[in-house]
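The next block is model19.txt, given as compact mmCIF, C-alpha atoms.
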```txt
# COMPACT_ATOMS: atom_id res chain seq x y z
CA MET A 1 122.96 110.20 93.47
CA THR A 2 120.38 107.94 91.88
CA SER A 3 117.27 109.57 90.59
CA VAL A 4 114.07 107.60 90.87
CA PRO A 5 110.49 108.42 90.03
CA ALA A 6 108.04 109.61 92.59
CA LEU A 7 105.49 106.96 93.33
CA SER A 8 102.03 107.62 92.11
CA LEU A 9 100.05 106.28 94.98
CA SER A 10 97.85 109.29 94.46
CA ALA A 11 94.11 108.77 94.37
CA THR A 12 93.83 110.99 91.33
CA LYS A 13 96.76 109.54 89.42
CA PRO A 14 96.35 105.82 89.82
CA CYS A 15 99.40 104.35 88.14
CA GLY A 16 103.01 104.91 87.45
CA TYR A 17 105.13 108.00 87.58
CA THR A 18 104.19 111.51 88.47
CA SER A 19 107.61 113.04 88.04
CA ALA A 20 111.27 112.26 88.27
CA VAL A 21 112.52 113.27 91.71
CA ASP A 22 115.34 112.43 94.04
CA GLN A 23 114.54 109.45 96.23
CA THR A 24 116.38 110.95 99.18
CA ASP A 25 114.19 114.01 99.34
CA VAL A 26 110.83 112.91 98.08
CA LEU A 27 108.78 114.19 100.96
CA SER A 28 109.78 117.76 100.32
CA GLN A 29 109.10 117.46 96.59
CA GLN A 30 105.47 116.69 96.10
CA PRO A 31 104.33 119.54 93.90
CA GLN A 32 101.09 117.79 93.11
CA TYR A 33 99.93 118.21 96.71
CA GLU A 34 99.31 121.37 98.67
CA ASP A 35 100.35 119.60 101.87
CA PRO A 36 103.33 117.25 101.60
CA ASP A 37 102.93 113.96 103.47
CA ALA A 38 105.49 115.07 106.04
CA ALA A 39 103.41 118.10 106.96
CA ILE A 40 100.29 115.97 107.38
CA ILE A 41 102.19 113.45 109.50
CA ALA A 42 103.44 116.26 111.71
CA ARG A 43 99.88 117.48 112.20
CA VAL A 44 98.65 114.01 113.12
CA LEU A 45 101.51 113.53 115.58
CA ASP A 46 100.66 116.94 116.98
CA GLY A 47 97.21 115.66 117.90
CA SER A 48 95.13 116.29 114.79
CA LYS A 49 93.81 112.80 114.21
CA ASP A 50 91.46 114.02 111.48
CA ALA A 51 94.42 115.00 109.31
CA PHE A 52 95.10 111.30 108.80
CA ALA A 53 92.03 111.22 106.56
CA LEU A 54 94.05 113.17 104.00
CA LEU A 55 96.60 110.38 103.81
CA ILE A 56 93.84 107.80 103.47
CA ALA A 57 92.26 109.77 100.64
CA ARG A 58 95.61 110.26 98.96
CA TYR A 59 96.77 106.64 98.97
CA SER A 60 93.82 104.32 99.49
CA ASP A 61 93.00 103.68 95.82
CA PRO A 62 96.38 102.31 94.66
CA LEU A 63 96.79 100.40 97.92
CA TYR A 64 93.31 98.91 97.54
CA ARG A 65 94.06 97.91 93.95
CA HIS A 66 97.27 96.22 95.06
CA ALA A 67 95.44 94.26 97.75
CA LEU A 68 92.70 93.37 95.28
CA GLY A 69 95.21 92.18 92.69
CA MET A 70 97.07 90.15 95.29
CA THR A 71 94.08 88.51 96.99
CA GLY A 72 91.41 88.53 94.29
CA SER A 73 88.83 89.28 96.95
CA PRO A 74 87.26 92.71 97.50
CA ASP A 75 86.34 91.84 101.08
CA VAL A 76 89.84 90.69 101.95
CA ALA A 77 91.31 93.73 100.19
CA GLU A 78 89.13 96.01 102.31
CA ASP A 79 90.20 94.27 105.51
CA ILE A 80 93.86 94.49 104.57
CA LEU A 81 93.50 98.17 103.68
CA GLN A 82 91.85 98.91 107.01
CA THR A 83 94.30 97.01 109.19
CA SER A 84 97.23 98.48 107.26
CA PHE A 85 96.10 102.07 107.75
CA ILE A 86 95.48 101.40 111.44
CA LYS A 87 99.00 100.00 111.73
CA ALA A 88 100.38 102.99 109.83
CA PHE A 89 98.55 105.37 112.16
CA GLN A 90 99.79 103.59 115.27
CA HIS A 91 103.40 103.67 114.10
CA LEU A 92 103.31 107.03 112.33
CA GLY A 93 106.05 108.36 114.57
CA GLU A 94 108.42 105.79 113.11
CA VAL A 95 108.22 107.04 109.51
CA ARG A 96 111.71 108.16 108.52
CA GLY A 97 111.48 108.24 104.73
CA ARG A 98 108.70 108.27 102.20
CA PHE A 99 105.31 107.65 103.74
CA ASP A 100 103.94 106.29 100.45
CA ALA A 101 106.62 103.62 100.16
CA TRP A 102 106.38 102.82 103.88
CA VAL A 103 102.61 102.31 103.87
CA PHE A 104 102.84 100.35 100.61
CA ARG A 105 105.19 97.88 102.29
CA ILE A 106 102.73 97.46 105.16
CA VAL A 107 99.99 96.55 102.69
CA ALA A 108 102.28 94.38 100.55
CA ASN A 109 103.45 92.40 103.58
CA ALA A 110 99.88 91.94 104.78
CA CYS A 111 98.91 90.58 101.35
CA LYS A 112 101.81 88.14 101.28
CA ASP A 113 101.08 87.00 104.83
CA TRP A 114 97.47 86.42 103.87
CA LEU A 115 98.49 84.38 100.82
CA LYS A 116 100.92 82.32 102.87
CA ASN A 117 98.24 81.59 105.46
CA ILE A 118 95.82 80.55 102.72
CA ARG A 119 98.42 78.15 101.37
CA ARG A 120 99.12 76.69 104.79
CA GLY A 121 95.43 76.22 105.33
CA HIS A 122 95.34 78.55 108.32
CA LEU A 123 92.77 80.64 106.54
CA SER A 124 90.16 79.87 103.98
CA TYR A 125 87.97 81.95 101.79
CA ASP A 126 84.68 82.81 103.41
CA GLU A 127 81.78 82.49 101.07
CA ASP A 128 81.75 86.27 100.71
CA ASP A 129 85.48 86.38 100.08
CA GLN A 130 85.49 84.30 96.92
CA PRO A 131 87.59 85.88 94.20
CA SER A 132 84.97 87.96 92.61
CA SER A 133 84.11 90.75 90.32
CA PHE A 134 86.76 93.12 89.16
CA VAL A 135 83.88 94.24 86.97
CA GLN A 136 80.13 94.51 87.22
CA PRO A 137 78.04 91.32 87.41
CA ASP A 138 76.31 91.87 84.08
CA GLU A 139 79.56 91.42 82.16
CA GLU A 140 79.72 88.52 79.76
CA MET A 141 80.13 84.98 81.02
CA ASP A 142 83.41 84.40 79.23
CA ARG A 143 84.97 87.31 81.10
CA SER A 144 83.82 85.75 84.32
CA GLU A 145 85.28 82.42 83.34
CA LEU A 146 88.57 83.99 82.35
CA ARG A 147 88.68 85.89 85.61
CA GLY A 148 88.17 82.70 87.55
CA ASP A 149 90.84 80.89 85.55
CA LEU A 150 93.26 83.78 85.90
CA GLU A 151 92.66 83.98 89.64
CA GLY A 152 93.19 80.23 89.88
CA ALA A 153 96.45 80.49 87.95
CA LEU A 154 97.66 83.45 90.02
CA ALA A 155 96.85 81.51 93.18
CA THR A 156 99.36 78.84 92.19
CA LEU A 157 102.22 81.36 92.04
CA ALA A 158 104.51 81.98 94.98
CA PRO A 159 103.46 85.23 96.71
CA SER A 160 106.61 87.04 95.59
CA LEU A 161 105.99 86.07 91.95
CA ARG A 162 102.36 87.09 92.12
CA GLU A 163 103.36 90.37 93.72
CA ALA A 164 105.85 91.15 90.97
CA PHE A 165 103.39 90.21 88.23
CA VAL A 166 100.54 92.24 89.74
CA MET A 167 102.72 95.31 90.26
CA LYS A 168 104.17 95.17 86.76
CA HIS A 169 101.28 94.11 84.60
CA VAL A 170 98.17 94.88 86.59
CA GLU A 171 99.21 98.08 88.35
CA GLY A 172 101.46 99.13 85.48
CA ARG A 173 104.47 100.15 87.55
CA SER A 174 108.00 100.48 86.22
CA TYR A 175 110.69 98.12 87.45
CA GLU A 176 112.49 101.07 89.03
CA GLU A 177 109.43 102.03 91.02
CA MET A 178 108.85 98.43 92.07
CA ALA A 179 112.46 98.15 93.21
CA VAL A 180 112.04 101.17 95.46
CA LEU A 181 108.77 99.92 96.90
CA LEU A 182 109.94 96.37 97.51
CA GLU A 183 113.51 97.28 98.43
CA THR A 184 115.06 94.90 95.95
CA THR A 185 116.85 95.07 92.61
CA VAL A 186 115.45 95.60 89.14
CA GLY A 187 117.17 92.41 87.99
CA ALA A 188 115.52 90.32 90.68
CA LEU A 189 112.12 91.78 89.82
CA LYS A 190 112.55 91.13 86.10
CA MET A 191 113.33 87.53 86.91
CA ARG A 192 110.24 87.21 89.11
CA VAL A 193 107.98 88.72 86.44
CA HIS A 194 109.49 86.47 83.79
CA ARG A 195 108.93 83.38 85.91
CA ALA A 196 105.38 84.43 86.73
CA ARG A 197 104.57 84.99 83.06
CA GLU A 198 106.00 81.64 82.07
CA ALA A 199 103.95 79.91 84.74
CA LEU A 200 100.74 81.73 83.78
CA GLN A 201 101.29 81.02 80.11
CA ALA A 202 101.78 77.32 80.81
CA LEU A 203 98.64 77.20 82.94
CA LEU A 204 96.35 79.17 80.68
CA GLU A 205 97.45 78.77 77.06
CA GLY A 206 95.92 75.33 76.67
CA LYS A 207 92.49 76.80 77.20
CA TYR A 208 92.82 80.28 75.75
CA ALA A 209 95.51 80.09 73.07
CA MET B 1 104.83 112.43 75.69
CA SER B 2 104.22 112.96 79.41
CA PRO B 3 105.57 110.61 82.06
CA MET B 4 102.02 109.33 82.53
CA ASP B 5 101.76 108.45 78.83
CA ASP B 6 105.05 106.67 79.04
CA ASN B 7 103.79 104.71 81.96
CA LYS B 8 100.64 103.64 80.16
CA LYS B 9 102.88 102.09 77.55
CA ASN B 10 104.33 99.93 80.32
CA HIS B 11 100.92 98.47 81.18
CA LYS B 12 100.98 96.18 78.19
CA LEU B 13 102.69 92.87 78.34
CA GLU B 14 105.66 92.85 76.02
CA ASP B 15 104.98 89.50 74.43
CA THR B 16 101.34 89.90 73.54
CA SER B 17 102.04 88.60 70.07
CA THR B 18 102.97 85.16 71.36
CA SER B 19 99.59 84.24 72.77
CA PRO B 20 96.05 85.63 72.74
CA ILE B 21 95.87 84.95 76.45
CA TRP B 22 97.89 88.08 77.14
CA ASP B 23 95.33 90.24 75.35
CA LYS B 24 92.68 88.85 77.64
CA ILE B 25 94.85 89.34 80.72
CA ASN B 26 95.53 92.91 79.64
CA ASP B 27 91.79 93.51 79.42
CA GLU B 28 91.34 92.15 82.92
CA ALA B 29 94.21 94.28 84.20
CA GLU B 30 92.59 97.36 82.67
CA MET B 31 89.43 96.58 84.62
CA LEU B 32 91.36 96.34 87.87
CA ARG B 33 93.13 99.63 87.21
CA SER B 34 89.77 101.35 87.09
CA ARG B 35 88.75 100.10 90.53
CA THR B 36 88.60 102.57 93.39
CA THR B 37 88.26 102.13 97.12
CA PRO B 38 84.63 101.73 98.17
CA VAL B 39 83.31 105.09 99.41
CA TYR B 40 82.53 103.84 102.91
CA MET B 41 86.11 102.70 103.54
CA LYS B 42 87.56 106.08 104.49
CA GLN B 43 85.05 106.58 107.30
CA ARG B 44 85.33 102.93 108.35
CA ILE B 45 89.08 103.28 108.73
CA MET B 46 88.84 106.61 110.55
CA ASP B 47 86.30 105.13 112.97
CA ALA B 48 88.61 102.20 113.68
CA LEU B 49 91.70 104.29 114.48
CA PRO B 50 92.93 104.48 118.04
CA GLU B 51 92.86 107.86 119.76
CA ALA B 52 96.47 108.71 118.97
CA PRO B 53 99.58 107.17 117.39
CA GLU B 54 101.89 105.29 119.71
CA PRO B 55 104.78 107.31 121.13
CA SER B 56 107.83 107.07 118.91
CA LYS B 57 110.50 104.64 120.13
CA PRO B 58 114.22 104.72 119.39
CA TRP B 59 115.23 102.29 116.63
CA TYR B 60 117.05 99.95 119.01
CA LYS B 61 113.93 99.56 121.15
CA ARG B 62 111.89 98.78 118.06
CA MET B 63 114.45 96.12 117.11
CA LEU B 64 114.18 94.57 120.57
CA ASP B 65 110.39 94.48 120.29
CA LYS B 66 110.50 92.44 117.08
```

Could you show the structure in this file as structure tokens?
Amino acid sequence: MTSVPALSLSATKPCGYTSAVDQTDVLSQQPQYEDPDAAIIARVLDGSKDAFALLIARYSDPLYRHALGMTGSPDVAEDILQTSFIKAFQHLGEVRGRFDAWVFRIVANACKDWLKNIRRGHLSYDEDDQPSSFVQPDEEMDRSELRGDLEGALATLAPSLREAFVMKHVEGRSYEEMAVLLETTVGALKMRVHRAREALQALLEGKYA
Amino acid sequence: MSPMDDNKKNHKLEDTSTSPIWDKINDEAEMLRSRTTPVYMKQRIMDALPEAPEPSKPWYKRMLDK
């Protein structure tokens, strides 16, 4: 039986592993929480809508960061987070495995759909949705310029390459964790990250090297 | 070294020595990792939820709906 790390989608532990646990029985092995996700889901399905707030509190930060890394826009990231949690709530009775991985895939798919629509011209950035501050506005100008250039370079990547790069190097996840979340292989993810890095290097090194 | 320490090691790009751009990107990534969900979001999401989850459907009905 393959052992994989528990996902740290926790609000208090923003990145990476929390512990090594068995993928097939993750929901019963969440020692960091008093209530395992499965117990909360059961309460919600039993009619306690307010219990869903616990899941939002538990997972919103890493999901928000993923959406922010993927879209570059705080406003878009907020919208994706909201619609994803609503979708998760509506379909909560369909969760059969890990809630954290399931809700992550909802957010990840929403991000990729948004990027594809941007590319096809079906959507455009509103003025308020411009890729904006990962940091406070009084940061130095060169940071702002780099951020804009980096966002521009990331925008040229295929959504799957951007996703792999953001998860690996922005969110700091391991390849094993990414493979579980995205339901693909470590080898495929390494290739995507490699291709993304090569593309970013080619786009940015002329200016920053 | 705890698993969390080990993970922090993974944040860095492996080939930072090849180009200064990766140092800058790492700095930007560090900024993003410190971001948290805006405080109003939890209530906004809760207010937008429907009254109850949809009744669970068998897998084959879900497949047919797609």

Place a sphere of radius 12 Å on (90.1, 107.7, 105.6) in the file coordinates and name every protein, DNA or RNA residue with an atom inside or on its surface, counting only C-alpha atoms; give the answer as a ChimeraX atom specification. /A:11,49-61,81-82,84-86,89 /B:37-49

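Here atom CA of A:Val166 is placed at a distance of 12.2 Å from atom CA of A:His194.
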
Selection near stretch 68-70 of chain A, 7 Å with all atoms listed in the file, sequence-local residues under 4 positions removed, as a list in words: Tyr64, Pro74, Ala77, Cys111, Arg162, Glu163 and Val166 of chain A

Atom CA of A:Arg192 and atom CA of A:Glu78 are how many Å apart? 26.4 Å

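Atom to atom, atom CA of A:Gly152 and atom CA of B:Thr36 stand 23.1 Å apart.
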
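With all atoms listed in the file as the basis for measurement, A:Leu92 is the residue among A:Val103, A:Leu92, A:Val193, A:Leu115 that approaches chain B most closely.
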
From A:Arg65, A:Lys116, A:Lys87, A:Lys207, residue lying nearest B:Glu30 [all atoms listed in the file]: A:Arg65

Quick one: residues within 10 Å of B:Leu32, all atoms listed in the file, excluding same-chain residues fewer than 3 positions away - as a ChimeraX atom specification? /A:65-66,68-69,133-135,170-171 /B:26-29,35-36

I'd like the contact shell of A:Asp46 - 12 Å cut-off, only C-alpha atoms, skipping same-chain residues fewer than 6 positions apart - returned as number ranges by chain. A: 39-40, 52, 92-93; B: 52-53, 55

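Near A:Arg105, within 10 Å and counting only C-alpha atoms, sit Leu63, Ser84, Phe99, Asp100, Ala110, Cys111, Leu181, Leu182 and Glu183 of chain A, not including residues fewer than 5 positions from it in the same chain.
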
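Ranking A:Asn117, A:Arg98, A:Gly47, A:Thr156 by their shortest atom-to-atom distance to chain B, with all atoms listed in the file included, puts A:Gly47 first.
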
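The residue that comes closest to chain B, out of A:Gly172, A:Pro62, A:Pro159, A:Gly148 and on the basis of all atoms listed in the file, is A:Gly172.
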